[in-house]
Amino acid sequence: MKKLALHWKIIIGLVLGILWALISSQMGWSQFTIDWIAPFGKIFINLLKLIAVPLVLFSIISGVANLGDPASLGRMGGKTLLAYLLTTVLAVSMGLLLVNVIQPGKLVDDQSRIDNRISYEIWAADEGYKIKDGINYLQDPEFMERAREISDLSRSELKDASVSDKMETANAAKDAGPLQPLVDIVPDNFFASLADNGLMLQVIFFGLFFGISMLFIDPKKSAPVTRAVDGIMEIFLKMVDLTMQAAPFFVFALLAGVVSQMAGNDISKVVEIFKGLSWYSLTVVLGLALMIFVIYPIIFKIFVRKVSYFGFFKAMGPAQTLAFSTSSSAATLPVTMECVEDNLGVDKKVTSFVLPIGATVNMDGTCLYQAVAVVFLAQLHMIDLTIAQQLTIVLTATLASIGSAAVPSAGLVMLIIVLESVGLNPAWIGIIFPVDRILDMCRTVVNVTGDATVSSVIAKGEGLFNYNPNKHPDEAFDVEE
């Protein structure tokens with residue numbers, strides 16, 4: 001019997017995890033799943049994050065030092081940032097196109113939308129915002145009694161702890177100066193940066209600074225350091241290989257825990273959550289699917305050519321399934337690097353530089369979701385956003401993606417900033433919060449696929465792309481070489 005590919009094993013683990021969660025929910029065993037199975041999923045993410053930060057550091061130092069020419073670094077860096085910027089704008093535009101065509105917010109019943117509209121007007125009056133479209137339901141006697149009921153309801157919603165915490169984080173980001181993102185990139189304590197996965201940009205900055213400095217000293221003096229860095233990087237890659245051998249079980253535990261926490265002992269909770277937000281969820285998933293299965297393959301076909309449509313997905317399968325399971329670009333980064341290097345044939349000089357930056361800066365899936373979410377929430381509250389306001393969403397979502405940490409649900413924090421940029425209530429994230437984790441899993445797949453596409457395009461342009469169509473993707477994770 002032919003050996004089953006790793007990504008299929010991971011998919012089987014994922015499906016079995018969901019099935020176990022649904023069965024345990026039905027049998028009243030959800031607490032057992034959360035206490036005794038879910039922790040193994042957390043261990044898996046911790047293992048990947050443990051590897052991710054030092055791997056990023058040593059791979060960037062190695063990549064820059066092995067370039068041998070500061071001019072090539074500048075050229076590659078410019079191409080990388082431009083490519084990531086263009087794919088991000090493309091993703092946001094795709095999201096806006098779909099949400100304006102499908103209009104998921106208008107498919108909700110009229111009474112709910114009227115209640116939402118009244119709630120919005122009360123909030124706008126309290127906060128001193130001008131009503132976007134000039135229509136005022138509060139001035140209509142027909143809705144005055146309902147407005148009094150809605151007023152109490154909306155204030156109680158604002159007290160939701162998870163939403164309030166995210167609003168505080170977003171307000172801190174919004175109130176910072178225009179150059180604060182630049183200040184945040186430069187660490188004042190490198191070891192503190194290593195200890196926090198949310199400070200990946202600071203680790204990247206140090207790695208670039210260290211690697212560039214090595215280019216300007218005598219090669220005889222830098223050679224031992226280069227060899228040591230290369231050796232340490234290989235050890236971390238081997239740690240990835242060993243971890244991936246147990247990935248199917250870990251993914252089973254991870255998904256069992258996520259679904260059990262959503263469902264509790266009542267399976268109908270999950271059904272009701274998705275029923276209420278079904279059209280919104282479908283619009284986001286459709287946009288993400290188009291990015292993965294249409295847009296990226298077209299970019300690949302135009303700029304790379306060498307890899308077949310199915311060859312690309314075969315090569316990236318392990319990283320994509322892992323991205324879906326973990327909801328974290330940073331946690332998936334070590335596996336993404338192995339897939340892109342060993343399966344797609346992108347040279348280490350490119351992957352060690354482009355992919356760590358992409359895991360932090362490139363958030364195509366997150367930006368697409370933000371565009372859909374903002375317009376959906378506006379539609380849900382009977383607010384028609386103008387073209388100018390929607391262009392503001394494109395700009396804000398693109399810039400916000402750079403500051404969006406590569407960890408689960410960080411996009412929600414950035415969504416608050418995007419909502420406020422067009423004068424909408426940031427507390428509305430509570431409406432879409434119930435389905436965020438599932439959609440986060442889908443959009444992380446887009447982020448990882450986008451990273452792989454951009455690194456392949458850059459490698460092809462630099463003459464550092466060597467794809468072997470006969471190589472089996474699981475060879476990248478062999479424990480023995």
# chains A, B, ... in the order shown; residues from 1 in each chain; ligands from 1

$ select_by_dssp --residues "segment 277-400 of chain A" --states "alpha helix (DSSP H)" --output "short mmCIF file (atom, residue, chain, number, x, y, z; two decimals) with C-alpha atoms, in the first residue's frame"
data_model
loop_
_atom_site.label_atom_id
_atom_site.label_comp_id
_atom_site.auth_asym_id
_atom_site.auth_seq_id
_atom_site.Cartn_x
_atom_site.Cartn_y
_atom_site.Cartn_z
CA SER A 278 -24.06 32.12 7.40
CA TRP A 279 -24.09 34.59 4.47
CA TYR A 280 -21.30 36.66 6.02
CA SER A 281 -19.22 33.52 6.62
CA LEU A 282 -19.88 32.22 3.10
CA THR A 283 -18.85 35.56 1.56
CA VAL A 284 -15.55 35.56 3.49
CA VAL A 285 -14.87 31.89 2.67
CA LEU A 286 -15.67 32.47 -1.03
CA GLY A 287 -13.24 35.40 -1.17
CA LEU A 288 -10.51 33.41 0.59
CA ALA A 289 -11.09 30.41 -1.70
CA LEU A 290 -10.80 32.62 -4.80
CA TYR A 296 -2.39 33.00 -6.50
CA PRO A 297 -2.26 30.28 -9.20
CA ILE A 298 -2.74 32.99 -11.87
CA ILE A 299 0.14 35.01 -10.36
CA PHE A 300 2.20 31.81 -10.26
CA LYS A 301 1.39 31.00 -13.89
CA ILE A 302 2.29 34.50 -15.10
CA PHE A 303 5.55 35.00 -13.17
CA TYR A 309 -1.57 23.99 -10.75
CA PHE A 310 -1.81 20.76 -8.73
CA GLY A 311 1.98 20.65 -8.27
CA PHE A 312 1.81 23.90 -6.28
CA PHE A 313 -0.87 22.60 -3.90
CA LYS A 314 0.90 19.26 -3.57
CA ALA A 315 4.08 21.09 -2.55
CA MET A 316 2.32 23.42 -0.09
CA GLY A 317 -0.21 20.91 1.32
CA PRO A 318 1.49 20.31 4.70
CA ALA A 319 1.91 24.05 5.38
CA GLN A 320 -1.67 24.86 4.31
CA THR A 321 -3.28 22.16 6.44
CA LEU A 322 -1.15 23.21 9.41
CA ALA A 323 -2.05 26.89 8.88
CA PHE A 324 -5.74 25.93 8.98
CA SER A 325 -5.24 23.95 12.20
CA THR A 326 -3.15 26.49 14.13
CA SER A 329 1.21 32.35 10.36
CA ALA A 330 4.06 32.55 12.87
CA ALA A 331 3.49 29.03 14.22
CA THR A 332 3.28 27.65 10.66
CA LEU A 333 6.39 29.54 9.48
CA PRO A 334 8.93 26.73 10.10
CA VAL A 335 6.82 24.30 8.05
CA THR A 336 6.16 26.93 5.34
CA MET A 337 9.93 27.44 4.99
CA GLU A 338 10.54 23.70 4.55
CA LYS A 348 17.41 29.45 1.02
CA LYS A 349 18.74 32.92 0.26
CA VAL A 350 15.19 33.90 -0.70
CA THR A 351 13.12 31.90 1.82
CA SER A 352 15.23 32.96 4.80
CA PHE A 353 14.62 36.62 3.91
CA VAL A 354 11.18 36.77 2.26
CA LEU A 355 9.13 34.28 4.33
CA PRO A 356 9.83 35.65 7.86
CA ILE A 357 8.92 39.15 6.62
CA GLY A 358 5.79 37.73 4.95
CA ALA A 359 4.67 35.95 8.14
CA THR A 360 4.60 39.35 9.86
CA VAL A 361 3.73 41.85 7.12
CA ASP A 364 -3.87 39.06 2.58
CA GLY A 365 -6.52 36.83 4.16
CA THR A 366 -6.90 39.14 7.16
CA CYS A 367 -7.31 42.21 4.94
CA LEU A 368 -9.92 40.51 2.74
CA TYR A 369 -11.86 39.50 5.86
CA GLN A 370 -11.67 43.05 7.27
CA ALA A 371 -13.08 44.52 4.05
CA VAL A 372 -15.99 42.04 4.03
CA ALA A 373 -16.61 42.44 7.78
CA VAL A 374 -16.77 46.26 7.76
CA VAL A 375 -19.17 46.48 4.80
CA PHE A 376 -21.27 43.56 6.16
CA LEU A 377 -21.62 45.30 9.54
CA ALA A 378 -22.58 48.54 7.78
CA GLN A 379 -25.21 46.70 5.70
CA LEU A 380 -26.49 44.99 8.85
CA ILE A 387 -17.01 54.67 -2.69
CA ALA A 388 -14.70 57.11 -0.83
CA GLN A 389 -15.37 55.35 2.48
CA GLN A 390 -14.72 51.97 0.90
CA LEU A 391 -11.42 53.26 -0.52
CA THR A 392 -10.57 54.34 3.03
CA ILE A 393 -11.13 50.71 4.05
CA VAL A 394 -8.64 49.60 1.35
CA LEU A 395 -5.99 52.04 2.61
CA THR A 396 -6.54 51.43 6.33
CA ALA A 397 -6.74 47.63 6.02
CA THR A 398 -3.53 47.58 3.94
CA LEU A 399 -1.62 49.70 6.46
CA ALA A 400 -3.15 47.88 9.44
#

$ residues_around --residues "Val53 of chain A" --least-positions-apart "5" --cutoff "9 Å" --atoms "only C-alpha atoms" --output "ChimeraX atom specification"
/A:58,194-197,200,203,330

$ closest_residue --among "A:Val64, A:Ala228, A:Ile34, A:Val457" --to "Ile212 of chain A" --atoms "only C-alpha atoms"
A:Val64

$ closest_residue --among "A:Ile292, A:Leu385, A:Ile10, A:Leu4" --to "Pro248 of chain A" --atoms "only C-alpha atoms"
A:Ile10

$ residues_around --residues "Ile432 of chain A" --least-positions-apart "4" --cutoff "8 Å" --atoms "only C-alpha atoms" --output "count of residues only"
4
